[in-house]
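S.K.: Provided herewith is a single structure, encoded as structure tokens, for subsequent inquiry.
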Amino acid sequence: MKIIKAKSSGMSLIDHSILVSRFAIEIAKQSLLIKDEELIEAIRLSALLHDIGKCTNQFQKKVNGVIDETNLESKLKYRHNEVGWSFLSRFLDLPKRILSIVLDNSYWHHGISNKLSSYNDTDIEIIESDIQIMKDYVTSLQSNLILNEKEYKPKKAPKYYVTGDDADDINSERLLARTCLISADRLASSIIDITISDEEISKTISNSNLRCCDVDITSHIFYGNKRFLLQEHITTKIGRTTQINAPAGFGKTLLGLLWNFKTNRKLIWVCPRNIVAESVYKSILDELKNFGVNYLSVELYLGGEVKASNDLFNGDFSSDIIVTNIDNYLSPSVDNRHGSRLYTIINSDVIFDEFHELVSEAALFACFINIMKTRNQRTNSNTLLLSASATHMYRLWDSINQKTIHLPEKGKHYPAPHKQAYLIHTNTEINISNKDDNNLIVLNAIGNAQTSKFTIGADTLIHSKFEDIDKERNIKKLYDFYGKESERNNIKPNIVGTHIIQASLDVSFNNLYESVLSPQSTVQRSGRCNRWGDISSKSSLNIIRLINKGEVSVRELLYTNNLSNLWFEYISRYNNKEITLDELYVIYNNFESENEDVLYRYLYDKYVSSLESLSYIYPVKFFGISNSDIKSAGGNKLRSSNFEIFVICKYFNSEKYTNPYS
């Protein structure tokens with residue numbers, strides 16, 4: 001049998017495939033929580049067979065430089081992963097579970113570029129001579145593989161994510177198998193010496209998610225501080241998958257860092273939105289400075305690039321601590337351009353901050369649940385989930401044997417940082433008499449927020465649709481006037497915003513007025529009211545049920561009007577009463593407990609809808625991207641529910657148009 005090349009560089013396909021299989025097996029062994037010999041065998045065979053489509057004469061002409069790329073007729077009609085999948089689908093005889101993984105990995109290890117799932121394996125034309133070459137190649141692997149010549153029913157091209165009764169288990173297993181193969185393929189492709197020892201392979205993989213040095217803070221001045229001692233004690237109770245219910249102002253950033261100091265592994269800190277990520281990044285740098293830790297690299301990775309980093313930064317998505325948003329974290333699982341990060345996102349320490357915000361019908365929610373299911377049930381990776389208003393979401397990824405740890409315990413919160421009381425008011429309209437009463441007004445609809453800025457006479461408006469430069473200016477103004485270092489007084493301009501302002505901003509106002517959305521939103525927004533307990537006057541939490549069209553529509557979009565009304569009626573029991581933050585969390589937890597079934601049903605229905613959206617996402621490989629005057633509406637598919645209208649508009653006072661947005 002003549003030498004079949006894997007690449008134009010000259011390495012033979014069989015040498016490349018064997019090297020990939022060695023890496024893939026070791027990745028699987030180091031990643032798996034429970035040893036699964038059948039899964040490891042499926043991953044091994046996937047690695048040996050993933051590039052079998054390169055055996056064709058036409059592909060070999062290409063890697064040997066025989067094909068003229070300028071000749072359209074000479075270009076490959078089907079890519080090697082499609083050819084390989086078609087051949088294996090027709091002829092390979094394996095147990096059902098193993099075959100499913102091998103076929104999935106063969107098809108998806110590079111993404112796809114033509115019509116998706118619109119053809120059968122028999123639609124891909126493979127000439128008889130190429131079929132024979134691939135059969136001979138299978139024989140040369142000496143893997144006891146059986147090729148079946150019998151007739152069979154044609155198989156449809158697979159979906160990247162499936163729906164149906166067993167979708168959860170199938171999707172999480174395939175994600176893990178793809179992670180092992182794709183990561184192994186990238187690592188093996190960078191190796192020149194194919195005689196690399198098993199010990200070197202093991203070391204390369206085990207070191208990939210470790211930091212270069214330990215962190216020692218045992219002599220730091222924080223020791224002895226009451227809150228610090230509590231934080232340090234909590235880290236001793238954290239398990240592999242842990243949900244921490246901590247109130248606003250508790251110091252979740254400090255807690256997350258203390259936990260990571262103990263594990264000594266690369267940390268990805270995942271936030272629901274950019275504004276939260278920016279706040280967390282700043283807090284991490286401040287905490288590291290307080291500790292005197294100046295030898296850890298930290299980066300803020302947003303929008304597919306590094307937006308900020310400390311002096312030790314050494315490459316995109318490679319720092320000791322990576323602060324990013326949920327979109328960038330999930331991207332490698334749906335976009336092959338970032339496939340090399342799959343091992344990192346599955347096996348690194350991960351903190352999901354304010355994860356309750358991820359619930360939606362968009363693909364992002366199901367993608368998150370799938371990765372959580374993979375991490376919790378199949379791998380030995382560590383996951384910390386932080387929220388002041390956690391939900392019953394854990395039920396979507398827990399199993400009988402692998403359950404999430406809840407701290408301090410299920411349905412309880414750690415104590416609030418202060419005991420100041422708030423006066424609760426519930427109403428159906430916003431009544432503010434003074435534009436300088438130091439109020440935060442949070443509405444759900446951007447249009448209503450824009451109108452209210454003028455009717456209320458607020459100083460500043462903050463929402464997600466501002467240009468970045470305007471958004472940054474407004475956030476800076478927030479910190480200057482309402483941050484921890486700002487002057488404490490009761491006369492400050494009112495601020496109007498939407499839910500972009502409700503979480504993780506270290507700012508404090510005298511009073512809160514919120515258009516009711518969900519119990520989670522009320523709890524999160526309350527954390528911006530007398531945040532540090534150092535305002536001398538009585539603060540008020542004003543929870544308003546507005547019935548105008550904008551608020552009703554957005555409530556239905558972001559939550560449901562029925563559940564929103566249920567929460568409003570529940571919190572209205574405390575109208576005109578004084579409660580502390582601790583008492584607010586008791587009210588919240590009681591509501592969640594008393595209505596667990598209906599609240600979980602809401603989460604489950606959102607997940608099912610989201611999974612349907614996710615099943616239409618494919619990792620597209622991009623070829624020859626060039627600059628063009630044509631505006632491209634790429635969109636964010638993770639944020640999409642598949643039914644989109646794209647629009648463009650002129651910038652204010654300009655002839656320039658925006659790019660298309662959904």
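Quick note on naming: the chains in the structure tokens go A, B, ... in the order shown, residues restart at 1 in each chain, and ligands are numbered from 1 in order of appearance.
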Could you pull the residues within 8 Å of Trp259 of chain A, counting only C-alpha atoms, minus those fewer than 6 positions along the same chain, as number ranges by chain?
M.R.: A: 232, 235, 238
S.K.: Output the selection as a short mmCIF file (atom, residue, chain, number, x, y, z; two decimals), in the first residue's frame - all heavy atoms for each residue.
M.R.:
```
data_model
loop_
_atom_site.label_atom_id
_atom_site.label_comp_id
_atom_site.auth_asym_id
_atom_site.auth_seq_id
_atom_site.Cartn_x
_atom_site.Cartn_y
_atom_site.Cartn_z
N GLU A 232 -12.68 31.77 53.84
CA GLU A 232 -11.67 30.72 53.80
C GLU A 232 -12.26 29.39 54.27
O GLU A 232 -11.97 28.33 53.71
CB GLU A 232 -10.49 31.12 54.69
CG GLU A 232 -9.16 30.48 54.31
CD GLU A 232 -9.02 29.09 54.91
OE1 GLU A 232 -9.69 28.80 55.91
OE2 GLU A 232 -8.23 28.30 54.37
N THR A 235 -14.33 27.67 51.52
CA THR A 235 -13.56 26.98 50.48
C THR A 235 -13.23 25.54 50.87
O THR A 235 -13.02 24.69 50.00
CB THR A 235 -12.25 27.72 50.16
OG1 THR A 235 -11.41 27.73 51.32
CG2 THR A 235 -12.53 29.14 49.71
N ILE A 238 -16.14 23.24 49.56
CA ILE A 238 -16.47 23.22 48.13
C ILE A 238 -16.04 21.90 47.52
O ILE A 238 -14.92 21.44 47.72
CB ILE A 238 -15.79 24.40 47.41
CG1 ILE A 238 -16.37 25.72 47.90
CG2 ILE A 238 -15.96 24.28 45.89
CD1 ILE A 238 -15.67 26.95 47.35
#
```
S.K.: Would you mind listing what lies within 10 Å of Tyr479 of chain A as a list in words, with only C-alpha atoms counted and same-chain residues fewer than 3 positions away left out?
M.R.: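 After dropping sequence-adjacent residues, the list is Asn474, Ile475, Lys476, Tyr482, Gly483, Lys484, Glu485, Ser486, Leu505, Asp506, Val507 and Ser508 of chain A.
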S.K.: Could you tell me which of A:Met11, A:Leu48, A:Ile275, A:Ile369 comes closest to Asp468 of chain A if we count only C-alpha atoms?
M.R.: A:Ile275
S.K.: Which residues come within 9 Å of Arg273 of chain A, counting only C-alpha atoms, excluding same-chain residues fewer than 3 positions away, as a list in words?
M.R.: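 Answer for this query is Val270, Val276, Ala277, Glu278, Thr324, Asn325, Ile326, Asp327, Glu357 and Ile500 of chain A.
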S.K.: If you run DSSP on the backbone here, which positions in segment 329-531 of chain A get alpha helix (DSSP H)? Please write them as number ranges by chain.
M.R.: A: 329-330, 342-347, 363-378, 446-456, 468-482, 519-526
S.K.: Tell me, as JSON, numbers by chain, which residues lie within 7 Å of Lys492 of chain A, counting only C-alpha atoms; anything in the same chain fewer than 2 positions away does not count.
M.R.: {"A": [436, 437, 438, 490, 494]}
S.K.: When you look at Cys55 of chain A with a cut-off of 9 Å (counting only C-alpha atoms), what residues show up, excluding the ones that are within fewer than 2 positions of it in the same chain? I need them as a PyMOL selection string.
M.R.: chain A and resi 4-6+13+51-53+57-60+80+84+130-131+133-134+137
S.K.: Out of segment 323-481 of chain A, which residues get strand (DSSP E or B) from DSSP, as a count of residues only?
M.R.: 32
S.K.: Near segment 439-449 of chain A, counting only C-alpha atoms, which residues have an atom at most 7 Å away, once you skip same-chain residues fewer than 4 positions from it, shown as a list in words?
M.R.: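 Near neighbours after the sequence-gap exclusion: Lys453, His463, Asn494, Ile495, Val496, Gly497, Thr498, His499, Phe509, Asn510, Asn511, Leu512, Tyr513, Glu514, Ser515, Gly550, Glu551 and Val554 of chain A.
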S.K.: What lies within 9 Å of Asp349 of chain A using only C-alpha atoms, ignoring chain neighbours under 5 positions off, as a count of residues only?
M.R.: 13
S.K.: Atom CA of Ile322 of chain A and atom CA of Ile345 of chain A are how many Å apart?
M.R.: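 Atom CA of Ile322 of chain A sits 10.7 Å away from atom CA of Ile345 of chain A.
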S.K.: Select, from A:Glu299, A:Ala167, A:Gln142, A:Ile244, the residue with the minimum atom-to-atom distance to Glu409 of chain A, counting only C-alpha atoms.
M.R.: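 For Glu409 of chain A, the nearest of the given residues is A:Ile244.
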S.K.: How many Å lie between atom CA of Leu599 of chain A and atom CA of Ser521 of chain A, rounded to one decimal?
M.R.: 14.6 Å
S.K.: Pick the closest to Ile127 of chain A from A:Lys96, A:Asp15, A:Phe87, A:Thr163: which is it, counting only C-alpha atoms?
M.R.: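 Ranking A:Lys96, A:Asp15, A:Phe87, A:Thr163 by distance to Ile127 of chain A, first place goes to A:Phe87.
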